[in-house]
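Participant: Dropping in target_20.cif, with mmCIF, C-alpha atoms (C1' of nucleotides).
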data_model
loop_
_atom_site.label_atom_id
_atom_site.label_comp_id
_atom_site.auth_asym_id
_atom_site.auth_seq_id
_atom_site.Cartn_x
_atom_site.Cartn_y
_atom_site.Cartn_z
CA MET W 1 102.33 115.65 80.24
CA THR W 2 105.20 113.75 81.82
CA GLN W 3 105.94 110.06 81.49
CA GLN W 4 104.60 109.46 85.00
CA ARG W 5 101.35 111.29 84.34
CA ARG W 6 100.77 109.42 81.12
CA VAL W 7 101.40 106.02 82.70
CA ILE W 8 98.99 106.78 85.56
CA LEU W 9 96.29 107.84 83.15
CA GLU W 10 96.81 104.82 80.90
CA GLU W 11 96.75 102.34 83.76
CA LEU W 12 93.55 103.86 85.10
CA GLN W 13 91.83 103.77 81.72
CA LYS W 14 92.90 100.17 81.21
CA LEU W 15 91.01 99.06 84.34
CA ASP W 16 87.29 98.85 84.81
CA SER W 17 87.73 98.37 88.54
CA HIS W 18 87.85 101.50 90.68
CA PRO W 19 91.30 101.42 92.19
CA THR W 20 92.57 103.27 95.24
CA ALA W 21 95.66 105.48 94.94
CA ASP W 22 97.69 102.60 96.31
CA GLU W 23 96.52 100.21 93.65
CA VAL W 24 97.32 102.74 90.93
CA TYR W 25 100.77 103.14 92.48
CA GLU W 26 101.38 99.37 92.36
CA ARG W 27 100.46 99.19 88.69
CA ALA W 28 102.41 102.28 87.71
CA ARG W 29 105.43 100.87 89.51
CA ARG W 30 105.55 97.88 87.17
CA ARG W 31 106.29 100.27 84.32
CA LEU W 32 108.18 102.97 86.23
CA PRO W 33 109.84 101.29 89.21
CA ARG W 34 111.14 104.57 90.68
CA ILE W 35 107.81 106.43 90.69
CA SER W 36 106.79 107.68 94.11
CA LEU W 37 103.45 107.47 95.86
CA GLY W 38 103.36 111.25 96.19
CA THR W 39 103.59 111.60 92.42
CA VAL W 40 100.66 109.24 92.02
CA TYR W 41 98.50 111.23 94.43
CA ARG W 42 99.49 114.53 92.84
CA ASN W 43 98.72 113.37 89.34
CA LEU W 44 95.44 111.69 90.23
CA GLU W 45 94.41 115.03 91.69
CA ILE W 46 95.54 116.98 88.61
CA LEU W 47 93.95 114.54 86.17
CA SER W 48 90.64 114.69 87.97
CA GLU W 49 90.74 118.50 87.98
CA CYS W 50 91.26 118.41 84.23
CA GLY W 51 88.29 116.09 83.91
CA LEU W 52 90.35 113.27 82.40
CA ILE W 53 89.46 110.93 85.25
CA GLN W 54 86.98 110.94 88.12
CA LYS W 55 87.75 111.02 91.82
CA LEU W 56 85.21 109.02 93.81
CA GLU W 57 84.58 109.97 97.42
CA LEU W 58 82.33 107.11 98.35
CA GLY W 59 81.99 105.22 101.61
CA GLY W 60 85.05 103.59 103.14
CA THR W 61 88.26 105.25 104.22
CA GLN W 62 90.02 105.51 100.88
CA LYS W 63 89.30 107.59 97.84
CA ARG W 64 88.94 105.72 94.59
CA PHE W 65 89.55 106.71 91.00
CA ASP W 66 87.67 105.98 87.82
CA GLY W 67 88.99 106.16 84.29
CA ARG W 68 85.46 106.66 82.99
CA VAL W 69 84.21 110.23 83.17
CA GLU W 70 80.60 109.95 81.99
CA ASN W 71 78.07 110.41 84.77
CA HIS W 72 77.18 107.01 86.19
CA CYS W 73 76.73 105.47 89.63
CA HIS W 74 78.30 102.72 91.66
CA VAL W 75 77.50 99.73 93.86
CA ARG W 76 79.81 98.94 96.74
CA CYS W 77 80.04 95.45 98.22
CA ILE W 78 79.56 95.66 101.94
CA ARG W 79 81.70 92.54 102.49
CA CYS W 80 84.75 92.96 100.26
CA GLY W 81 84.62 96.65 99.37
CA ARG W 82 84.66 96.01 95.62
CA ILE W 83 83.05 98.76 93.57
CA SER W 84 81.23 98.21 90.28
CA ASP W 85 79.46 100.43 87.78
CA VAL W 86 75.68 100.47 87.63
CA PRO W 87 74.18 100.67 84.17
CA MET W 88 71.49 103.26 84.72
CA ALA W 89 70.14 106.47 83.32
CA PRO W 90 71.33 109.68 84.98
CA LEU W 91 69.48 111.21 87.86
CA THR W 92 68.27 114.43 86.36
CA THR W 93 64.70 113.63 87.38
CA ILE W 94 65.59 113.34 91.04
CA GLU W 95 67.79 116.39 90.92
CA ASN W 96 64.97 118.42 89.47
CA ARG W 97 62.57 117.17 92.09
CA ILE W 98 64.97 118.35 94.76
CA ARG W 99 65.40 121.79 93.29
CA GLY W 100 61.98 122.76 94.54
CA ALA W 101 62.36 121.22 97.97
CA SER W 102 65.67 122.75 99.07
CA ASP W 103 66.97 126.29 99.33
CA TYR W 104 70.40 125.17 98.19
CA GLU W 105 71.43 125.78 94.61
CA ILE W 106 71.79 122.17 93.46
CA ILE W 107 74.87 121.46 91.33
CA GLY W 108 74.89 117.69 91.26
CA SER W 109 74.21 114.52 93.13
CA ARG W 110 75.96 111.37 94.11
CA LEU W 111 74.15 108.10 94.40
CA GLU W 112 75.83 105.02 95.73
CA PHE W 113 74.26 101.65 96.24
CA ILE W 114 75.32 99.24 98.93
CA GLY W 115 74.98 95.51 98.42
CA VAL W 116 76.69 92.16 98.23
CA CYS W 117 78.67 91.31 95.12
CA PRO W 118 78.05 88.02 93.27
CA GLN W 119 81.30 86.51 94.49
CA CYS W 120 80.68 87.26 98.17
CA LYS W 121 77.13 86.02 97.81
CA LYS W 122 78.47 82.68 96.57
CA GLU W 123 81.08 82.39 99.32
CA HIS W 124 78.59 82.95 102.09
CA MET O 1 74.47 104.15 129.78
CA THR O 2 77.21 106.24 131.34
CA GLN O 3 77.14 109.97 131.93
CA GLN O 4 79.45 110.51 128.97
CA ARG O 5 77.32 108.46 126.61
CA ARG O 6 74.15 110.24 127.66
CA VAL O 7 75.67 113.69 127.19
CA ILE O 8 76.95 112.79 123.72
CA LEU O 9 73.54 111.51 122.68
CA GLU O 10 71.73 114.53 124.09
CA GLU O 11 74.04 117.03 122.44
CA LEU O 12 73.64 115.30 119.12
CA GLN O 13 69.85 115.23 119.36
CA LYS O 14 69.79 118.89 120.31
CA LEU O 15 71.45 119.89 117.04
CA ASP O 16 69.98 119.83 113.58
CA SER O 17 73.37 120.37 112.05
CA HIS O 18 75.42 117.28 111.24
CA PRO O 19 78.49 117.65 113.40
CA THR O 20 81.83 115.93 113.05
CA ALA O 21 83.26 113.95 115.98
CA ASP O 22 85.34 117.00 116.84
CA GLU O 23 82.32 119.26 117.08
CA VAL O 24 80.52 116.77 119.29
CA TYR O 25 83.62 116.64 121.48
CA GLU O 26 83.65 120.44 121.85
CA ARG O 27 80.02 120.50 122.92
CA ALA O 28 80.31 117.56 125.28
CA ARG O 29 83.35 119.22 126.87
CA ARG O 30 81.26 122.16 128.00
CA ARG O 31 79.30 119.81 130.23
CA LEU O 32 82.03 117.27 131.03
CA PRO O 33 85.35 119.10 130.83
CA ARG O 34 87.43 115.96 131.39
CA ILE O 35 85.85 113.86 128.63
CA SER O 36 88.31 112.58 126.07
CA LEU O 37 88.11 112.55 122.31
CA GLY O 38 88.55 108.77 122.28
CA THR O 39 85.44 108.40 124.41
CA VAL O 40 83.48 110.53 121.98
CA TYR O 41 84.55 108.42 119.01
CA ARG O 42 83.86 105.20 120.88
CA ASN O 43 80.38 106.25 121.93
CA LEU O 44 79.40 107.67 118.57
CA GLU O 45 80.30 104.29 117.13
CA ILE O 46 78.31 102.41 119.78
CA LEU O 47 75.28 104.70 119.52
CA SER O 48 75.16 104.31 115.78
CA GLU O 49 75.41 100.52 116.07
CA CYS O 50 72.42 100.61 118.44
CA GLY O 51 70.54 102.70 115.92
CA LEU O 52 70.14 105.65 118.28
CA ILE O 53 72.04 107.94 115.92
CA GLN O 54 73.25 107.78 112.34
CA LYS O 55 76.81 107.79 111.08
CA LEU O 56 77.16 109.63 107.78
CA GLU O 57 79.98 108.72 105.44
CA LEU O 58 79.49 111.42 102.88
CA GLY O 59 82.03 113.33 100.84
CA GLY O 60 84.83 115.16 102.60
CA THR O 61 87.48 113.74 104.89
CA GLN O 62 85.51 113.57 108.14
CA LYS O 63 82.60 111.41 109.16
CA ARG O 64 79.53 113.23 110.41
CA PHE O 65 76.81 112.23 112.82
CA ASP O 66 73.09 112.77 112.79
CA GLY O 67 70.71 112.63 115.76
CA ARG O 68 67.85 111.84 113.39
CA VAL O 69 67.55 108.18 112.42
CA GLU O 70 64.71 108.16 109.92
CA ASN O 71 65.86 107.53 106.36
CA HIS O 72 66.44 110.88 104.67
CA CYS O 73 69.07 112.44 102.45
CA HIS O 74 71.47 115.34 102.60
CA VAL O 75 72.77 118.31 100.63
CA ARG O 76 76.35 119.35 101.10
CA CYS O 77 77.53 122.88 100.36
CA ILE O 78 80.51 122.74 98.05
CA ARG O 79 81.88 126.02 99.44
CA CYS O 80 81.55 125.77 103.23
CA GLY O 81 80.93 122.05 103.76
CA ARG O 82 77.71 122.61 105.68
CA ILE O 83 75.29 119.70 105.50
CA SER O 84 71.51 120.03 105.58
CA ASP O 85 68.59 117.62 105.47
CA VAL O 86 66.53 117.27 102.32
CA PRO O 87 62.81 116.82 102.81
CA MET O 88 62.13 114.05 100.35
CA ALA O 89 60.47 110.68 100.06
CA PRO O 90 62.73 107.63 100.38
CA LEU O 91 64.36 106.07 97.39
CA THR O 92 62.69 102.71 97.23
CA THR O 93 61.69 103.32 93.63
CA ILE O 94 65.26 103.82 92.53
CA GLU O 95 66.50 100.90 94.56
CA ASN O 96 63.96 98.65 92.92
CA ARG O 97 64.90 99.88 89.50
CA ILE O 98 68.50 98.97 90.22
CA ARG O 99 67.71 95.49 91.42
CA GLY O 100 67.08 94.37 87.86
CA ALA O 101 70.12 96.10 86.39
CA SER O 102 72.85 94.82 88.70
CA ASP O 103 74.02 91.38 89.77
CA TYR O 104 74.71 92.66 93.28
CA GLU O 105 72.20 91.93 96.01
CA ILE O 106 71.15 95.49 96.82
CA ILE O 107 70.84 96.28 100.53
CA GLY O 108 70.51 100.04 100.48
CA SER O 109 71.54 103.26 98.85
CA ARG O 110 73.00 106.58 99.71
CA LEU O 111 72.07 109.71 97.89
CA GLU O 112 73.85 112.97 98.50
CA PHE O 113 73.27 116.22 96.73
CA ILE O 114 75.97 118.79 96.14
CA GLY O 115 75.12 122.44 95.93
CA VAL O 116 75.65 125.93 97.31
CA CYS O 117 73.93 126.83 100.55
CA PRO O 118 71.84 130.02 100.82
CA GLN O 119 74.46 131.81 102.90
CA CYS O 120 77.34 131.10 100.52
CA LYS O 121 75.13 132.06 97.60
CA LYS O 122 74.55 135.45 99.21
CA GLU O 123 78.22 136.03 100.00
CA HIS O 124 79.30 135.33 96.44
"C1'" DT L 1 121.32 124.06 72.94
"C1'" DC L 2 120.14 127.00 76.63
"C1'" DC L 3 117.09 128.67 80.27
"C1'" DG L 4 113.14 129.24 83.13
"C1'" DT L 5 109.33 126.68 84.91
"C1'" DA L 6 107.12 122.53 86.24
"C1'" DT L 7 107.54 118.08 88.08
"C1'" DT L 8 109.81 114.49 90.40
"C1'" DA L 9 111.50 111.18 94.31
"C1'" DG L 10 112.04 110.79 98.88
"C1'" DT L 11 110.77 111.93 103.16
"C1'" DA L 12 108.60 114.46 106.81
"C1'" DA L 13 104.32 116.20 108.48
"C1'" DC L 14 99.56 116.15 109.09
"C1'" DT L 15 94.65 114.72 110.03
"C1'" DA L 16 91.16 111.76 111.32
"C1'" DT L 17 90.50 107.79 113.60
"C1'" DT L 18 91.47 103.60 116.27
"C1'" DC L 19 93.99 101.08 119.76
"C1'" DT L 20 96.09 100.17 124.35
"C1'" DC L 21 95.99 99.91 129.16
"C1'" DA L 22 95.88 101.08 133.92
"C1'" DA L 23 92.50 103.35 136.71
"C1'" DA L 24 87.73 104.51 137.66
"C1'" DA L 25 82.89 103.82 137.33
"C1'" DG L 26 78.71 101.12 136.76
"C1'" DA L 27 75.63 97.24 138.01
"C1'" DG L 28 74.07 93.08 140.13
"C1'" DA L 29 74.19 89.93 144.19
"C1'" DA L 30 74.60 89.29 149.02
"C1'" DT N 1 75.63 99.22 151.81
"C1'" DT N 2 79.55 96.52 150.46
"C1'" DC N 3 81.81 93.26 147.60
"C1'" DT N 4 82.87 91.61 143.11
"C1'" DC N 5 82.88 91.46 138.13
"C1'" DT N 6 82.49 93.74 133.91
"C1'" DT N 7 82.46 97.80 131.27
"C1'" DT N 8 84.02 102.17 130.32
"C1'" DT N 9 87.04 105.90 130.83
"C1'" DG N 10 91.08 109.26 130.03
"C1'" DA N 11 95.45 109.85 128.24
"C1'" DG N 12 98.43 109.04 125.09
"C1'" DA N 13 100.54 106.08 121.52
"C1'" DA N 14 99.76 104.04 117.09
"C1'" DT N 15 97.89 103.76 112.49
"C1'" DA N 16 96.21 104.82 107.76
"C1'" DG N 17 95.62 107.72 104.18
"C1'" DT N 18 96.93 111.78 102.31
"C1'" DT N 19 99.40 116.16 101.69
"C1'" DA N 20 103.45 119.26 102.02
"C1'" DC N 21 108.35 120.27 101.54
"C1'" DT N 22 112.72 120.39 99.12
"C1'" DA N 23 116.65 119.69 96.40
"C1'" DA N 24 117.41 117.48 92.13
"C1'" DT N 25 115.71 116.43 87.52
"C1'" DA N 26 112.94 116.74 83.35
"C1'" DC N 27 110.31 119.32 80.08
"C1'" DG N 28 109.41 122.52 76.43
"C1'" DG N 29 109.80 126.84 73.98
"C1'" DA N 30 113.11 130.44 72.01
#
Show me, as structure tokens, the structure contained in the file I just sent.

Facilitator:
Amino acid sequence: MTQQRRVILEELQKLDSHPTADEVYERARRRLPRISLGTVYRNLEILSECGLIQKLELGGTQKRFDGRVENHCHVRCIRCGRISDVPMAPLTTIENRIRGASDYEIIGSRLEFIGVCPQCKKEH
Amino acid sequence: MTQQRRVILEELQKLDSHPTADEVYERARRRLPRISLGTVYRNLEILSECGLIQKLELGGTQKRFDGRVENHCHVRCIRCGRISDVPMAPLTTIENRIRGASDYEIIGSRLEFIGVCPQCKKEH
DNA sequence: TCCGTATTAGTAACTATTCTCAAAAGAGAA
DNA sequence: TTCTCTTTTGAGAATAGTTACTAATACGGA
């Protein structure tokens, strides 16, 4: 656990937004000005393999990262790209329903909602 | 509706896999050897805007395209990346449940399952 | 403290996609 | 059909996000 890795983890856990690697880099740089973007990517990868953070491959071109690891789903604003958590029970029911209908061995699921966030709704 | 656009659409409708732009390019090239990759990307974009095909932004680094436009969901094999359709009723129930729980204006949702496809299961 | 391994910063390389632009192909009117 | 105007094309350059490489540095156990 290096200084860099710890700072990246801490910054991510501090936020309840779902930052991109770039945004994590910006924040880490305030505390460690010489940290490199490569280090941020590498550590985000390692931390998500360890299960300390979550890597989100949702819509849009960039991956996002989440300091919360419990199973939960997300809403993405179609206008500004902001991502928020959705307070909702897990999807075990749906997953079970699928198990009969598909010949795949189902491991998990990913549910993402698309909508307009309160702020963008106001600005319209 | 140019020759190129028609060929791209036809090739996509012929398949029940969910090809990447590259795979569509390969197939289109068999019929129009001088077609360019840029043309394929451009037309896939246009066709999906017209609602003649569907653009899938699922997990993984590449976008995929689907000749079927009815609302349905997908399973992705975690080993080989193959994507299959899931025969399942639409998710209006879940979407409605979310509408109360979030302050976003919900427009739609995207549900993807992750699993192991029959072939990879066998090879294991 | 010393030593072997892991990690870093910096940069180059890569991949998927989009953009640019001159040339070619449609499509509508005469 | 031929003329014009607009759209689309092919080829390649440009971009964005991410990953790989490498010499130098930091870590952590004996």

Participant: Could you check which of L:DC3, L:DA30, L:DA12, L:DC19 is closest to chain O, using only C-alpha atoms (C1' of nucleotides)?

Facilitator: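 Counting only C-alpha atoms (C1' of nucleotides), the residue closest to chain O is L:DC19.
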
Participant: Work out where the centre of an axis-aligned box around every listed atom of segment 11-25 of chain N lies and how long its edges are once 8 Å is added on each side; give both in Å to one decimal as AutoDock Vina command-line options.

Facilitator:
--center_x 106.4 --center_y 112.1 --center_z 107.9 --size_x 38.0 --size_y 32.6 --size_z 56.7

Participant: Rounded to one decimal place, report the atom CA of Lys122 of chain O-atom CA of Ser48 of chain W distance in Å.

Facilitator: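 Computed distance, atom CA of Lys122 of chain O to atom CA of Ser48 of chain W, equals 28.6 Å.
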
Participant: Starting from the shown file, work through the PyMOL selection byres ((chain L) within 9 of (chain O)) and note down what comes out as a list of chain:residue names.

Facilitator: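 Output of the PyMOL selection byres ((chain L) within 9 of (chain O)): L:DT15, L:DA16, L:DT17, L:DT18, L:DA25, L:DG26.
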
Participant: Could those selected residues go to a file with C-alpha atoms (C1' of nucleotides), as a PDB file, in the frame of the given file?

Facilitator:
ATOM      1  C1'  DT L  15      94.650 114.720 110.030  1.00  0.00           C
ATOM      2  C1'  DA L  16      91.160 111.760 111.320  1.00  0.00           C
ATOM      3  C1'  DT L  17      90.500 107.790 113.600  1.00  0.00           C
ATOM      4  C1'  DT L  18      91.470 103.600 116.270  1.00  0.00           C
ATOM      5  C1'  DA L  25      82.890 103.820 137.330  1.00  0.00           C
ATOM      6  C1'  DG L  26      78.710 101.120 136.760  1.00  0.00           C
TER       7       DG L  26
END

Participant: Using only C-alpha atoms (C1' of nucleotides), which chain N residues lie at most 9 Å away from chain W, written as an mmCIF file with C-alpha atoms (C1' of nucleotides), keeping the file's coordinate frame?

Facilitator:
data_model
loop_
_atom_site.group_PDB
_atom_site.id
_atom_site.type_symbol
_atom_site.label_atom_id
_atom_site.label_comp_id
_atom_site.auth_asym_id
_atom_site.auth_seq_id
_atom_site.Cartn_x
_atom_site.Cartn_y
_atom_site.Cartn_z
ATOM 1 C "C1'" DA N 16 96.210 104.820 107.760
ATOM 2 C "C1'" DG N 17 95.620 107.720 104.180
ATOM 3 C "C1'" DT N 18 96.930 111.780 102.310
ATOM 4 C "C1'" DT N 19 99.400 116.160 101.690
ATOM 5 C "C1'" DA N 26 112.940 116.740 83.350
ATOM 6 C "C1'" DC N 27 110.310 119.320 80.080
#

Participant: With 7 Å as the limit and counting all atoms listed in the file, what residues in chain O lie close to chain W? Please list them as an mmCIF file with C-alpha atoms, keeping the file's coordinate frame.

Facilitator:
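File produced: iface-v7.cif:
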data_model
loop_
_atom_site.group_PDB
_atom_site.id
_atom_site.type_symbol
_atom_site.label_atom_id
_atom_site.label_comp_id
_atom_site.auth_asym_id
_atom_site.auth_seq_id
_atom_site.Cartn_x
_atom_site.Cartn_y
_atom_site.Cartn_z
ATOM 1 C CA GLU O 57 79.980 108.720 105.440
ATOM 2 C CA LEU O 58 79.490 111.420 102.880
ATOM 3 C CA GLY O 59 82.030 113.330 100.840
ATOM 4 C CA VAL O 86 66.530 117.270 102.320
ATOM 5 C CA PRO O 87 62.810 116.820 102.810
ATOM 6 C CA ALA O 101 70.120 96.100 86.390
ATOM 7 C CA SER O 102 72.850 94.820 88.700
ATOM 8 C CA ASP O 103 74.020 91.380 89.770
ATOM 9 C CA TYR O 104 74.710 92.660 93.280
ATOM 10 C CA GLU O 105 72.200 91.930 96.010
ATOM 11 C CA ILE O 106 71.150 95.490 96.820
ATOM 12 C CA ILE O 107 70.840 96.280 100.530
ATOM 13 C CA GLY O 108 70.510 100.040 100.480
ATOM 14 C CA SER O 109 71.540 103.260 98.850
ATOM 15 C CA ARG O 110 73.000 106.580 99.710
ATOM 16 C CA LEU O 111 72.070 109.710 97.890
ATOM 17 C CA GLU O 112 73.850 112.970 98.500
ATOM 18 C CA PHE O 113 73.270 116.220 96.730
ATOM 19 C CA ILE O 114 75.970 118.790 96.140
ATOM 20 C CA GLY O 115 75.120 122.440 95.930
ATOM 21 C CA VAL O 116 75.650 125.930 97.310
ATOM 22 C CA CYS O 117 73.930 126.830 100.550
ATOM 23 C CA PRO O 118 71.840 130.020 100.820
#

Participant: Decode the PyMOL selection byres ((chain N and resi 4) around 9) for the given file into explicit residues and return them as a PyMOL selection string.

Facilitator: (chain L and resi 29) or (chain N and resi 3+5)

Participant: Would you compute the distance between atom CA of Glu23 of chain W and atom C1' of DT7 of chain L? Give it in Å to one decimal.

Facilitator: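 Spanning atom CA of Glu23 of chain W to atom C1' of DT7 of chain L is a straight-line distance of 21.7 Å.
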
Participant: Since the input has fewer atoms than a full residue there, write segment 28-43 of chain W out with N, CA and C atoms, as a compact mmCIF listing (two decimals), in the coordinates of the input.

Facilitator:
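That gives us result.txt:
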# COMPACT_ATOMS: atom_id res chain seq x y z
N ALA W 28 101.50 101.34 88.38
CA ALA W 28 102.41 102.28 87.71
C ALA W 28 103.84 101.84 87.96
N ARG W 29 104.08 101.28 89.13
CA ARG W 29 105.43 100.87 89.51
C ARG W 29 105.98 99.74 88.63
N ARG W 30 105.08 98.95 88.06
CA ARG W 30 105.55 97.88 87.17
C ARG W 30 106.20 98.47 85.92
N ARG W 31 105.72 99.65 85.52
CA ARG W 31 106.29 100.27 84.32
C ARG W 31 107.36 101.30 84.65
N LEU W 32 107.21 101.96 85.79
CA LEU W 32 108.18 102.97 86.23
C LEU W 32 108.57 102.67 87.68
N PRO W 33 109.56 101.79 87.86
CA PRO W 33 109.84 101.29 89.21
C PRO W 33 110.23 102.37 90.21
N ARG W 34 110.69 103.55 89.74
CA ARG W 34 111.14 104.57 90.68
C ARG W 34 110.07 105.62 90.98
N ILE W 35 108.88 105.44 90.45
CA ILE W 35 107.81 106.43 90.69
C ILE W 35 107.46 106.44 92.18
N SER W 36 107.11 107.61 92.68
CA SER W 36 106.79 107.68 94.11
C SER W 36 105.29 107.84 94.34
N LEU W 37 104.87 107.42 95.53
CA LEU W 37 103.45 107.47 95.86
C LEU W 37 102.92 108.90 95.81
N GLY W 38 103.74 109.84 96.24
CA GLY W 38 103.36 111.25 96.19
C GLY W 38 103.02 111.70 94.78
N THR W 39 103.82 111.26 93.83
CA THR W 39 103.59 111.60 92.42
C THR W 39 102.24 111.05 91.96
N VAL W 40 101.93 109.84 92.40
CA VAL W 40 100.66 109.24 92.02
C VAL W 40 99.50 110.07 92.56
N TYR W 41 99.55 110.41 93.83
CA TYR W 41 98.50 111.23 94.43
C TYR W 41 98.38 112.57 93.70
N ARG W 42 99.50 113.21 93.48
CA ARG W 42 99.49 114.53 92.84
C ARG W 42 98.85 114.47 91.46
N ASN W 43 99.22 113.46 90.70
CA ASN W 43 98.72 113.37 89.34
C ASN W 43 97.27 112.93 89.28
